[in-house]
$ cat run-v8.pdb   # PDB, C-alpha atoms (C1' of nucleotides)
MODEL        1
ATOM      1  CA  MET A   1      -5.634   2.748  16.732
ATOM      2  CA  GLU A   2      -2.121   2.718  15.311
ATOM      3  CA  ARG A   3      -0.606   5.983  14.180
ATOM      4  CA  LYS A   4       2.724   4.771  12.929
ATOM      5  CA  PRO A   5       3.994   6.260   9.669
ATOM      6  CA  ASP A   6       3.475   2.946   7.940
ATOM      7  CA  ASN A   7      -0.158   2.964   8.989
ATOM      8  CA  CYS A   8      -0.971   6.628   8.603
ATOM      9  CA  ARG A   9      -4.579   7.368   7.760
ATOM     10  CA  VAL A  10      -4.288  11.134   7.895
ATOM     11  CA  GLU A  11      -3.953  11.205   4.121
ATOM     12  CA  ASP A  12      -7.347   9.586   3.715
ATOM     13  CA  ALA A  13      -9.032  12.368   5.604
ATOM     14  CA  LEU A  14      -6.826  14.965   3.953
ATOM     15  CA  GLY A  15      -7.694  13.718   0.491
ATOM     16  CA  ILE A  16     -11.319  14.546   1.072
ATOM     17  CA  LEU A  17     -10.704  18.036   2.376
ATOM     18  CA  VAL A  18      -8.140  18.983  -0.224
ATOM     19  CA  GLY A  19      -9.402  20.848  -3.228
ATOM     20  CA  LYS A  20      -9.437  24.554  -3.578
ATOM     21  CA  TRP A  21     -13.117  24.906  -2.688
ATOM     22  CA  LYS A  22     -14.026  21.876  -0.628
ATOM     23  CA  PRO A  23     -13.619  23.339   2.853
ATOM     24  CA  VAL A  24     -15.717  26.359   1.964
ATOM     25  CA  ILE A  25     -18.418  24.224   0.408
ATOM     26  CA  LEU A  26     -18.557  21.944   3.419
ATOM     27  CA  LEU A  27     -18.608  24.735   5.968
ATOM     28  CA  TYR A  28     -21.332  26.453   4.009
ATOM     29  CA  LEU A  29     -23.531  23.362   3.768
ATOM     30  CA  LEU A  30     -22.952  22.610   7.443
ATOM     31  CA  GLN A  31     -24.145  26.044   8.435
ATOM     32  CA  GLU A  32     -26.853  26.710   5.918
ATOM     33  CA  GLY A  33     -28.219  23.226   5.323
ATOM     34  CA  THR A  34     -29.555  22.213   1.950
ATOM     35  CA  LYS A  35     -28.566  24.438  -0.961
ATOM     36  CA  ARG A  36     -29.121  24.528  -4.697
ATOM     37  CA  PHE A  37     -26.316  24.508  -7.206
ATOM     38  CA  SER A  38     -26.884  28.133  -8.099
ATOM     39  CA  GLU A  39     -26.921  29.207  -4.463
ATOM     40  CA  LEU A  40     -23.582  27.529  -3.905
ATOM     41  CA  LYS A  41     -22.161  29.152  -6.997
ATOM     42  CA  ARG A  42     -23.411  32.568  -5.982
ATOM     43  CA  ASN A  43     -21.807  32.137  -2.584
ATOM     44  CA  MET A  44     -18.332  31.233  -3.859
ATOM     45  CA  PRO A  45     -17.124  34.273  -5.744
ATOM     46  CA  GLY A  46     -14.665  33.248  -8.420
ATOM     47  CA  ILE A  47     -15.544  29.593  -8.728
ATOM     48  CA  THR A  48     -16.404  28.285 -12.189
ATOM     49  CA  GLN A  49     -19.249  25.899 -12.923
ATOM     50  CA  LYS A  50     -16.791  23.243 -13.922
ATOM     51  CA  MET A  51     -14.926  23.489 -10.648
ATOM     52  CA  LEU A  52     -18.038  23.554  -8.507
ATOM     53  CA  THR A  53     -19.419  20.520 -10.285
ATOM     54  CA  LYS A  54     -16.174  18.647  -9.926
ATOM     55  CA  GLN A  55     -15.754  19.323  -6.225
ATOM     56  CA  LEU A  56     -19.373  18.412  -5.542
ATOM     57  CA  ARG A  57     -19.014  15.142  -7.450
ATOM     58  CA  GLU A  58     -15.922  14.199  -5.521
ATOM     59  CA  LEU A  59     -17.585  14.903  -2.195
ATOM     60  CA  GLU A  60     -20.630  12.967  -3.315
ATOM     61  CA  ASP A  61     -18.486   9.995  -4.315
ATOM     62  CA  GLU A  62     -17.149   9.893  -0.774
ATOM     63  CA  ASP A  63     -20.640  10.016   0.739
ATOM     64  CA  ILE A  64     -19.909  13.352   2.369
ATOM     65  CA  ILE A  65     -22.713  15.190   0.624
ATOM     66  CA  ALA A  66     -26.000  14.105  -0.939
ATOM     67  CA  ARG A  67     -27.279  15.200  -4.328
ATOM     68  CA  VAL A  68     -31.005  15.289  -5.072
ATOM     69  CA  VAL A  69     -32.255  15.989  -8.573
ATOM     70  CA  TYR A  70     -35.786  17.265  -9.097
ATOM     71  CA  PRO A  71     -36.953  16.160 -12.541
ATOM     72  CA  GLN A  72     -38.453  19.423 -13.717
ATOM     73  CA  VAL A  73     -37.829  22.240 -16.150
ATOM     74  CA  PRO A  74     -35.797  24.215 -15.433
ATOM     75  CA  PRO A  75     -33.740  21.648 -13.502
ATOM     76  CA  LYS A  76     -33.322  21.880  -9.752
ATOM     77  CA  VAL A  77     -30.578  20.107  -7.852
ATOM     78  CA  GLU A  78     -30.061  20.273  -4.131
ATOM     79  CA  TYR A  79     -26.964  19.472  -2.122
ATOM     80  CA  SER A  80     -26.718  18.742   1.576
ATOM     81  CA  MET A  81     -24.403  17.101   4.081
ATOM     82  CA  THR A  82     -25.003  13.436   4.770
ATOM     83  CA  GLU A  83     -25.219  12.138   8.329
ATOM     84  CA  TYR A  84     -21.818  10.642   7.683
ATOM     85  CA  GLY A  85     -20.453  13.873   6.283
ATOM     86  CA  ARG A  86     -21.386  15.661   9.463
ATOM     87  CA  SER A  87     -18.819  13.554  11.314
ATOM     88  CA  LEU A  88     -16.255  15.788   9.630
ATOM     89  CA  GLU A  89     -17.594  18.891  11.325
ATOM     90  CA  PRO A  90     -15.396  18.740  14.460
ATOM     91  CA  ILE A  91     -12.306  18.437  12.302
ATOM     92  CA  LEU A  92     -13.346  21.306  10.067
ATOM     93  CA  GLU A  93     -14.074  23.459  13.103
ATOM     94  CA  ALA A  94     -10.754  22.565  14.696
ATOM     95  CA  MET A  95      -8.892  23.435  11.523
ATOM     96  CA  HIS A  96     -10.726  26.707  11.202
ATOM     97  CA  GLU A  97      -9.841  27.675  14.778
ATOM     98  CA  TRP A  98      -6.253  26.622  14.360
ATOM     99  CA  GLY A  99      -5.992  28.390  11.031
ATOM    100  CA  ALA A 100      -7.273  31.624  12.507
ATOM    101  CA  LYS A 101      -4.730  31.449  15.317
ATOM    102  CA  HIS A 102      -2.009  30.632  12.841
ATOM    103  CA  THR A 103      -2.607  33.722  10.730
ATOM    104  CA  GLU A 104      -2.294  35.725  13.957
ATOM    105  CA  HIS A 105       0.915  33.892  14.787
ATOM    106  CA  LYS A 106       2.372  34.724  11.409
ATOM    107  CA  MET A 107       1.486  38.382  11.711
ATOM    108  CA  GLU A 108       3.216  38.623  15.080
ATOM    109  CA  LYS A 109       6.292  37.021  13.573
ATOM    110  CA  GLN A 110       6.326  39.606  10.786
ATOM    111  CA  GLN A 111       6.001  42.427  13.300
ATOM    112  CA  ASN A 112       8.991  41.102  15.232
ATOM    113  CA  GLN A 113      11.087  40.853  12.112
ATOM    114  CA  LEU A 114      10.245  44.418  11.203
ATOM    115  CA  LYS A 115      11.191  45.604  14.685
ATOM    116  CA  SER A 116      14.539  43.797  14.755
ATOM    117  CA  SER A 117      15.503  45.040  11.313
ATOM    118  CA  SER A 118      14.811  48.687  12.084
TER     119      SER A 118
ATOM    120  CA  MET B 119     -14.734  33.063  15.766
ATOM    121  CA  GLU B 120     -16.482  33.472  12.412
ATOM    122  CA  ARG B 121     -16.661  30.495  10.077
ATOM    123  CA  LYS B 122     -18.445  32.061   7.155
ATOM    124  CA  PRO B 123     -17.183  31.154   3.687
ATOM    125  CA  ASP B 124     -15.825  34.636   3.223
ATOM    126  CA  ASN B 125     -13.806  34.251   6.393
ATOM    127  CA  CYS B 126     -12.710  30.661   6.086
ATOM    128  CA  ARG B 127      -9.408  29.834   7.744
ATOM    129  CA  VAL B 128      -9.523  26.134   7.110
ATOM    130  CA  GLU B 129      -7.273  26.614   4.104
ATOM    131  CA  ASP B 130      -4.576  28.104   6.273
ATOM    132  CA  ALA B 131      -4.419  24.984   8.388
ATOM    133  CA  LEU B 132      -4.822  22.764   5.354
ATOM    134  CA  GLY B 133      -1.956  24.434   3.555
ATOM    135  CA  ILE B 134       0.402  23.335   6.270
ATOM    136  CA  LEU B 135      -0.727  19.726   6.322
ATOM    137  CA  VAL B 136      -0.902  19.290   2.568
ATOM    138  CA  GLY B 137       2.109  17.802   0.904
ATOM    139  CA  LYS B 138       2.631  14.171   0.231
ATOM    140  CA  TRP B 139       4.872  13.587   3.217
ATOM    141  CA  LYS B 140       3.985  16.235   5.766
ATOM    142  CA  PRO B 141       1.476  14.300   7.851
ATOM    143  CA  VAL B 142       3.837  11.336   8.160
ATOM    144  CA  ILE B 143       6.755  13.558   9.079
ATOM    145  CA  LEU B 144       4.734  15.367  11.718
ATOM    146  CA  LEU B 145       3.268  12.223  13.248
ATOM    147  CA  TYR B 146       6.725  10.700  13.340
ATOM    148  CA  LEU B 147       8.345  13.680  15.044
ATOM    149  CA  LEU B 148       5.419  13.917  17.433
ATOM    150  CA  GLN B 149       5.910  10.317  18.520
ATOM    151  CA  GLU B 150       9.640   9.910  18.334
ATOM    152  CA  GLY B 151      10.843  13.375  19.287
ATOM    153  CA  THR B 152      14.010  14.829  17.795
ATOM    154  CA  LYS B 153      15.309  13.108  14.687
ATOM    155  CA  ARG B 154      18.180  13.530  12.263
ATOM    156  CA  PHE B 155      17.701  14.059   8.563
ATOM    157  CA  SER B 156      18.970  10.586   7.760
ATOM    158  CA  GLU B 157      16.671   8.987  10.315
ATOM    159  CA  LEU B 158      13.687  10.707   8.777
ATOM    160  CA  LYS B 159      14.760   9.629   5.339
ATOM    161  CA  ARG B 160      15.241   6.048   6.426
ATOM    162  CA  ASN B 161      11.781   6.049   7.950
ATOM    163  CA  MET B 162       9.948   7.293   4.844
ATOM    164  CA  PRO B 163      10.500   4.634   2.234
ATOM    165  CA  GLY B 164      10.363   6.140  -1.217
ATOM    166  CA  ILE B 165      10.962   9.774  -0.349
ATOM    167  CA  THR B 166      13.761  11.536  -2.185
ATOM    168  CA  GLN B 167      16.218  13.881  -0.524
ATOM    169  CA  LYS B 168      14.849  16.765  -2.482
ATOM    170  CA  MET B 169      11.309  16.114  -1.312
ATOM    171  CA  LEU B 170      12.279  15.574   2.310
ATOM    172  CA  THR B 171      14.283  18.778   2.323
ATOM    173  CA  LYS B 172      11.466  20.695   0.724
ATOM    174  CA  GLN B 173       8.778  19.496   3.099
ATOM    175  CA  LEU B 174      10.989  20.131   6.106
ATOM    176  CA  ARG B 175      11.766  23.661   4.923
ATOM    177  CA  GLU B 176       8.114  24.445   4.451
ATOM    178  CA  LEU B 177       7.239  23.189   7.912
ATOM    179  CA  GLU B 178      10.149  25.125   9.344
ATOM    180  CA  ASP B 179       8.986  28.303   7.631
ATOM    181  CA  GLU B 180       5.647  27.963   9.394
ATOM    182  CA  ASP B 181       7.315  27.435  12.786
ATOM    183  CA  ILE B 182       5.906  23.939  13.044
ATOM    184  CA  ILE B 183       9.272  22.259  13.332
ATOM    185  CA  ALA B 184      12.703  23.417  14.482
ATOM    186  CA  ARG B 185      15.941  22.781  12.643
ATOM    187  CA  VAL B 186      19.239  22.642  14.517
ATOM    188  CA  VAL B 187      22.522  22.428  12.635
ATOM    189  CA  TYR B 188      25.629  21.104  14.362
ATOM    190  CA  PRO B 189      28.672  22.664  12.713
ATOM    191  CA  GLN B 190      30.792  19.547  12.338
ATOM    192  CA  VAL B 191      32.071  17.178   9.691
ATOM    193  CA  PRO B 192      30.192  15.207   8.627
ATOM    194  CA  PRO B 193      27.207  17.520   9.096
ATOM    195  CA  LYS B 194      24.482  16.736  11.605
ATOM    196  CA  VAL B 195      21.048  18.303  11.479
ATOM    197  CA  GLU B 196      18.242  17.625  13.897
ATOM    198  CA  TYR B 197      14.557  18.261  13.482
ATOM    199  CA  SER B 198      11.890  18.432  16.172
ATOM    200  CA  MET B 199       8.396  19.781  16.739
ATOM    201  CA  THR B 200       8.156  23.263  18.162
ATOM    202  CA  GLU B 201       5.910  24.018  21.100
ATOM    203  CA  TYR B 202       3.686  25.751  18.610
ATOM    204  CA  GLY B 203       3.769  22.832  16.203
ATOM    205  CA  ARG B 204       2.498  20.558  18.921
ATOM    206  CA  SER B 205      -0.767  22.475  18.902
ATOM    207  CA  LEU B 206      -1.467  20.654  15.642
ATOM    208  CA  GLU B 207      -1.382  17.273  17.341
ATOM    209  CA  PRO B 208      -5.103  17.066  18.228
ATOM    210  CA  ILE B 209      -6.028  17.846  14.643
ATOM    211  CA  LEU B 210      -3.604  15.285  13.266
ATOM    212  CA  GLU B 211      -4.958  12.680  15.672
ATOM    213  CA  ALA B 212      -8.540  13.508  14.791
ATOM    214  CA  MET B 213      -7.810  13.225  11.099
ATOM    215  CA  HIS B 214      -6.057   9.919  11.599
ATOM    216  CA  GLU B 215      -9.031   8.504  13.499
ATOM    217  CA  TRP B 216     -11.505   9.819  10.979
ATOM    218  CA  GLY B 217      -9.415   8.552   8.084
ATOM    219  CA  ALA B 218      -9.261   5.078   9.553
ATOM    220  CA  LYS B 219     -13.037   4.997   9.988
ATOM    221  CA  HIS B 220     -13.479   6.315   6.492
ATOM    222  CA  THR B 221     -11.491   3.519   4.873
ATOM    223  CA  GLU B 222     -13.756   1.122   6.783
ATOM    224  CA  HIS B 223     -16.792   2.982   5.535
ATOM    225  CA  LYS B 224     -15.619   2.711   1.951
ATOM    226  CA  MET B 225     -14.982  -1.003   2.266
ATOM    227  CA  GLU B 226     -18.488  -1.608   3.586
ATOM    228  CA  LYS B 227     -19.870   0.326   0.675
ATOM    229  CA  GLN B 228     -17.938  -1.836  -1.757
ATOM    230  CA  GLN B 229     -19.208  -5.002  -0.067
ATOM    231  CA  ASN B 230     -22.785  -3.820  -0.428
ATOM    232  CA  GLN B 231     -22.302  -3.039  -4.084
ATOM    233  CA  LEU B 232     -20.897  -6.492  -4.694
ATOM    234  CA  LYS B 233     -23.823  -8.121  -2.897
ATOM    235  CA  SER B 234     -26.485  -6.199  -4.796
ATOM    236  CA  SER B 235     -24.873  -6.939  -8.155
ATOM    237  CA  SER B 236     -24.702 -10.704  -7.616
TER     238      SER B 236
ATOM    239  C1'  DC C 237      25.788  13.481   5.990
ATOM    240  C1'  DT C 238      22.864  16.945   4.352
ATOM    241  C1'  DG C 239      21.850  19.176   1.219
ATOM    242  C1'  DT C 240      21.176  22.099  -4.185
ATOM    243  C1'  DA C 241      20.263  22.370  -9.118
ATOM    244  C1'  DT C 242      17.973  20.603 -13.402
ATOM    245  C1'  DC C 243      14.853  18.633 -15.982
ATOM    246  C1'  DC C 244      10.583  16.142 -16.718
ATOM    247  C1'  DT C 245       5.790  14.396 -16.094
ATOM    248  C1'  DG C 246       1.095  14.199 -14.616
ATOM    249  C1'  DA C 247      -2.492  16.277 -12.059
ATOM    250  C1'  DT C 248      -5.030  20.357 -10.919
ATOM    251  C1'  DC C 249      -7.086  24.609 -11.936
ATOM    252  C1'  DG C 250      -9.212  27.938 -14.814
ATOM    253  C1'  DA C 251     -11.305  30.369 -19.043
ATOM    254  C1'  DT C 252     -14.425  29.665 -22.485
ATOM    255  C1'  DA C 253     -17.966  27.745 -25.238
ATOM    256  C1'  DC C 254     -21.775  24.673 -25.781
ATOM    257  C1'  DT C 255     -26.304  21.746 -24.214
ATOM    258  C1'  DG C 256     -30.742  19.333 -22.333
TER     259       DG C 256
ATOM    260  C1'  DC D 257     -30.734  25.930 -14.235
ATOM    261  C1'  DA D 258     -27.266  22.782 -14.038
ATOM    262  C1'  DG D 259     -24.388  20.965 -16.148
ATOM    263  C1'  DT D 260     -20.413  18.858 -20.095
ATOM    264  C1'  DA D 261     -16.326  19.460 -23.361
ATOM    265  C1'  DT D 262     -12.048  21.358 -24.650
ATOM    266  C1'  DC D 263      -7.796  23.665 -24.266
ATOM    267  C1'  DG D 264      -4.093  25.892 -22.026
ATOM    268  C1'  DA D 265      -1.459  27.430 -17.862
ATOM    269  C1'  DT D 266       0.450  26.409 -13.516
ATOM    270  C1'  DC D 267       2.345  23.517 -10.042
ATOM    271  C1'  DA D 268       3.475  19.647  -7.031
ATOM    272  C1'  DG D 269       6.111  15.686  -7.227
ATOM    273  C1'  DG D 270       9.950  12.761  -8.776
ATOM    274  C1'  DA D 271      14.540  11.103 -11.153
ATOM    275  C1'  DT D 272      19.007  12.215 -11.419
ATOM    276  C1'  DA D 273      23.355  14.458 -10.852
ATOM    277  C1'  DC D 274      26.355  17.289  -8.260
ATOM    278  C1'  DA D 275      28.438  19.833  -3.828
ATOM    279  C1'  DG D 276      30.015  21.656   0.926
TER     280       DG D 276
ENDMDL
END

$ encode --input "run-v8.pdb" --output "structure tokens"
Amino acid sequence: MERKPDNCRVEDALGILVGKWKPVILLYLLQEGTKRFSELKRNMPGITQKMLTKQLRELEDEDIIARVVYPQVPPKVEYSMTEYGRSLEPILEAMHEWGAKHTEHKMEKQQNQLKSSS
Amino acid sequence: MERKPDNCRVEDALGILVGKWKPVILLYLLQEGTKRFSELKRNMPGITQKMLTKQLRELEDEDIIARVVYPQVPPKVEYSMTEYGRSLEPILEAMHEWGAKHTEHKMEKQQNQLKSSS
DNA sequence: CTGTATCCTGATCGATACTG
DNA sequence: CAGTATCGATCAGGATACAG
């Protein structure tokens, strides 16, 4: 598998993860399994319906999540990871771990700067 | 290490990788080692000086890459991955692999849609 | 050679209101 | 309940010109 700049496929993976709420949505569905629209919304404080809908549609278009509509009143729609979407889990986990370490790293750096300037 | 939505650190890692040229820059430095500004520019067809400078500064601010200035005329500036930056390599590799498989996946999907519509 | 400084455009995000 | 429509703000990205 080539990794040269002129054949870089990192962007393709990145494109799917990028979006202010996508990582949270994915991690949540991975952990909790199938969820309704309203449950997702309740769990992401601050997200608007428009945004949630948009992010879900984009993930659905990439086959990362599945959307099941129950034809009833009131409507019920459930979202869940696809088999394929689950292949992203190791990457998400790795990024979470790395991200956690990185915030530590940055805090240490700040501490050192404070020390040297005092 | 908690991965709950309210403690999601994926964004922190994502923030560093996001930027139109960052993945390419990182992969390039990872493979080729230390490079000059002009070499980087030559290797990223289409990037402007402003953009290259900006992306490099952002990566430098996060301690992912190191910037060494040689005080001479004409100026010479070298960029390289830091020890710390190298810890991103597995993630970058994983995303590249996944991205490559994903473009395959999308092509298969398109094929199937063509078949079923004919 | 290695940058900064301006200005501009399009995409993304968000607040709000409305609907089957 | 689960959306869609509209409008405005913000921001990343890019073209271009200039500078140490």

$ closest_residue --input "run-v8.pdb" --among "B:Lys233, B:Arg204, B:Lys172, B:Arg154" --to "chain A" --atoms "only C-alpha atoms"
B:Arg204

$ interface_residues --input "run-v8.pdb" --of "chain A" --to "chain C" --cutoff "10 Å" --atoms "all atoms listed in the file" --output "list in words"
Gly19, Lys20, Gly46, Ile47, Thr48, Lys50, Met51, Val73, Pro74 and Pro75 of chain A

$ resolve_selection --input "run-v8.pdb" --expression "the PyMOL selection byres ((chain D) within 10 of (chain B))" --output "ChimeraX atom specification"
/D:268-271,276

$ calpha_fit_and_write --input "run-v8.pdb" --fixed "chain A" --moving "chain B" --output "tab-separated table (two decimals) with C-alpha atoms, keeping the file's coordinate frame"
chain	number	residue	atom	x	y	z
B	119	MET	CA	-5.73	2.78	16.65
B	120	GLU	CA	-2.19	2.75	15.25
B	121	ARG	CA	-0.67	6.02	14.07
B	122	LYS	CA	2.67	4.78	12.86
B	123	PRO	CA	3.96	6.25	9.59
B	124	ASP	CA	3.42	2.95	7.85
B	125	ASN	CA	-0.20	3.00	8.93
B	126	CYS	CA	-1.01	6.65	8.50
B	127	ARG	CA	-4.62	7.42	7.68
B	128	VAL	CA	-4.31	11.16	7.83
B	129	GLU	CA	-4.00	11.25	4.05
B	130	ASP	CA	-7.38	9.62	3.67
B	131	ALA	CA	-9.04	12.41	5.59
B	132	LEU	CA	-6.86	15.02	3.93
B	133	GLY	CA	-7.75	13.79	0.47
B	134	ILE	CA	-11.36	14.62	1.09
B	135	LEU	CA	-10.73	18.12	2.40
B	136	VAL	CA	-8.15	19.07	-0.20
B	137	GLY	CA	-9.40	20.95	-3.20
B	138	LYS	CA	-9.53	24.67	-3.51
B	139	TRP	CA	-13.21	24.95	-2.69
B	140	LYS	CA	-14.08	21.92	-0.60
B	141	PRO	CA	-13.66	23.39	2.87
B	142	VAL	CA	-15.79	26.41	1.98
B	143	ILE	CA	-18.48	24.25	0.42
B	144	LEU	CA	-18.60	21.97	3.44
B	145	LEU	CA	-18.66	24.78	5.99
B	146	TYR	CA	-21.40	26.47	4.01
B	147	LEU	CA	-23.59	23.38	3.78
B	148	LEU	CA	-22.95	22.63	7.43
B	149	GLN	CA	-24.21	26.06	8.44
B	150	GLU	CA	-26.91	26.71	5.91
B	151	GLY	CA	-28.27	23.22	5.32
B	152	THR	CA	-29.60	22.18	1.93
B	153	LYS	CA	-28.62	24.40	-0.98
B	154	ARG	CA	-29.16	24.49	-4.72
B	155	PHE	CA	-26.35	24.47	-7.22
B	156	SER	CA	-26.95	28.09	-8.14
B	157	GLU	CA	-26.98	29.17	-4.51
B	158	LEU	CA	-23.64	27.51	-3.94
B	159	LYS	CA	-22.24	29.13	-7.03
B	160	ARG	CA	-23.50	32.54	-6.02
B	161	ASN	CA	-21.90	32.12	-2.62
B	162	MET	CA	-18.41	31.23	-3.90
B	163	PRO	CA	-17.25	34.26	-5.81
B	164	GLY	CA	-14.80	33.26	-8.49
B	165	ILE	CA	-15.64	29.58	-8.77
B	166	THR	CA	-16.45	28.26	-12.22
B	167	GLN	CA	-19.27	25.85	-12.95
B	168	LYS	CA	-16.81	23.20	-13.92
B	169	MET	CA	-14.95	23.47	-10.63
B	170	LEU	CA	-18.08	23.54	-8.51
B	171	THR	CA	-19.44	20.49	-10.28
B	172	LYS	CA	-16.17	18.66	-9.89
B	173	GLN	CA	-15.77	19.35	-6.19
B	174	LEU	CA	-19.38	18.43	-5.51
B	175	ARG	CA	-19.01	15.15	-7.41
B	176	GLU	CA	-15.91	14.23	-5.48
B	177	LEU	CA	-17.59	14.93	-2.16
B	178	GLU	CA	-20.62	12.98	-3.29
B	179	ASP	CA	-18.46	10.02	-4.26
B	180	GLU	CA	-17.12	9.91	-0.71
B	181	ASP	CA	-20.63	10.05	0.78
B	182	ILE	CA	-19.92	13.38	2.41
B	183	ILE	CA	-22.73	15.20	0.65
B	184	ALA	CA	-26.00	14.09	-0.91
B	185	ARG	CA	-27.26	15.16	-4.31
B	186	VAL	CA	-30.98	15.23	-5.07
B	187	VAL	CA	-32.23	15.90	-8.58
B	188	TYR	CA	-35.76	17.14	-9.15
B	189	PRO	CA	-36.89	16.01	-12.60
B	190	GLN	CA	-38.40	19.26	-13.82
B	191	VAL	CA	-37.74	22.06	-16.27
B	192	PRO	CA	-35.73	24.05	-15.54
B	193	PRO	CA	-33.67	21.52	-13.57
B	194	LYS	CA	-33.31	21.78	-9.81
B	195	VAL	CA	-30.57	20.05	-7.87
B	196	GLU	CA	-30.08	20.21	-4.14
B	197	TYR	CA	-27.00	19.43	-2.12
B	198	SER	CA	-26.76	18.72	1.59
B	199	MET	CA	-24.43	17.11	4.11
B	200	THR	CA	-25.01	13.45	4.82
B	201	GLU	CA	-25.21	12.16	8.36
B	202	TYR	CA	-21.82	10.67	7.72
B	203	GLY	CA	-20.45	13.90	6.31
B	204	ARG	CA	-21.39	15.69	9.49
B	205	SER	CA	-18.83	13.61	11.34
B	206	LEU	CA	-16.25	15.83	9.65
B	207	GLU	CA	-17.60	18.93	11.34
B	208	PRO	CA	-15.39	18.80	14.47
B	209	ILE	CA	-12.30	18.48	12.31
B	210	LEU	CA	-13.35	21.35	10.07
B	211	GLU	CA	-14.05	23.50	13.12
B	212	ALA	CA	-10.73	22.60	14.70
B	213	MET	CA	-8.87	23.45	11.53
B	214	HIS	CA	-10.68	26.75	11.23
B	215	GLU	CA	-9.77	27.70	14.79
B	216	TRP	CA	-6.18	26.62	14.36
B	217	GLY	CA	-5.92	28.40	11.03
B	218	ALA	CA	-7.17	31.64	12.52
B	219	LYS	CA	-4.62	31.43	15.33
B	220	HIS	CA	-1.93	30.60	12.84
B	221	THR	CA	-2.50	33.71	10.74
B	222	GLU	CA	-2.17	35.68	13.99
B	223	HIS	CA	1.03	33.84	14.79
B	224	LYS	CA	2.48	34.69	11.41
B	225	MET	CA	1.61	38.35	11.76
B	226	GLU	CA	3.35	38.56	15.13
B	227	LYS	CA	6.40	36.98	13.60
B	228	GLN	CA	6.44	39.57	10.85
B	229	GLN	CA	6.12	42.39	13.39
B	230	ASN	CA	9.11	41.06	15.30
B	231	GLN	CA	11.19	40.84	12.16
B	232	LEU	CA	10.36	44.42	11.29
B	233	LYS	CA	11.29	45.61	14.78
B	234	SER	CA	14.64	43.82	14.84
B	235	SER	CA	15.60	45.13	11.40
B	236	SER	CA	14.92	48.78	12.24

$ interface_residues --input "run-v8.pdb" --of "chain A" --to "chain B" --cutoff "10 Å" --atoms "only C-alpha atoms" --output "ChimeraX atom specification"
/A:1-28,31,43-45,62-63,84,87-88,90-103,105-106,109

$ atom_distance --input "run-v8.pdb" --atom1 "C1' of DA258 in chain D" --atom2 "CA of Phe37 in chain A"
7.1 Å

$ axis_aligned_box --input "run-v8.pdb" --around "range 84-97 of chain A" --padding-each-side "6 Å" --output "AutoDock Vina command-line options"
--center_x -15.4 --center_y 19.2 --center_z 10.5 --size_x 24.9 --size_y 29.0 --size_z 20.5

$ resolve_selection --input "run-v8.pdb" --expression "the PyMOL selection byres ((chain B and resi 187) around 10)" --output "compact mmCIF listing (two decimals) with C-alpha atoms (C1' of nucleotides), keeping the file's coordinate frame"
# COMPACT_ATOMS: atom_id res chain seq x y z
CA ARG B 154 18.18 13.53 12.26
CA ARG B 185 15.94 22.78 12.64
CA VAL B 186 19.24 22.64 14.52
CA TYR B 188 25.63 21.10 14.36
CA PRO B 189 28.67 22.66 12.71
CA GLN B 190 30.79 19.55 12.34
CA PRO B 193 27.21 17.52 9.10
CA LYS B 194 24.48 16.74 11.60
CA VAL B 195 21.05 18.30 11.48
CA GLU B 196 18.24 17.62 13.90
CA TYR B 197 14.56 18.26 13.48
C1' DT C 238 22.86 16.94 4.35

$ atom_distance --input "run-v8.pdb" --atom1 "CA of Ser80 in chain A" --atom2 "CA of Leu30 in chain A"
8.0 Å

$ atom_distance --input "run-v8.pdb" --atom1 "CA of Thr200 in chain B" --atom2 "CA of Lys153 in chain B"
12.9 Å

$ decode --input "run-v8.pdb" --residues "range 60-83 of chain A" --atoms "C-alpha atoms" --output "tab-separated table (two decimals), in the first residue's frame"
chain	number	residue	atom	x	y	z
A	60	GLU	CA	-25.26	7.31	6.30
A	61	ASP	CA	-24.18	8.27	2.79
A	62	GLU	CA	-20.79	6.75	3.52
A	63	ASP	CA	-22.32	3.52	4.83
A	64	ILE	CA	-20.90	4.15	8.28
A	65	ILE	CA	-24.25	4.16	10.02
A	66	ALA	CA	-27.65	2.65	9.20
A	67	ARG	CA	-30.96	4.47	9.42
A	68	VAL	CA	-34.19	2.57	10.04
A	69	VAL	CA	-37.53	4.34	9.85
A	70	TYR	CA	-40.55	2.86	11.60
A	71	PRO	CA	-43.67	3.98	9.74
A	72	GLN	CA	-45.78	4.98	12.71
A	73	VAL	CA	-47.17	8.04	14.43
A	74	PRO	CA	-45.33	9.62	16.07
A	75	PRO	CA	-42.34	8.73	13.86
A	76	LYS	CA	-39.50	6.60	15.17
A	77	VAL	CA	-36.09	6.47	13.55
A	78	GLU	CA	-33.19	4.40	14.76
A	79	TYR	CA	-29.51	4.79	14.01
A	80	SER	CA	-26.77	2.23	14.44
A	81	MET	CA	-23.27	1.47	13.22
A	82	THR	CA	-22.99	-0.73	10.16
A	83	GLU	CA	-20.64	-3.71	10.12
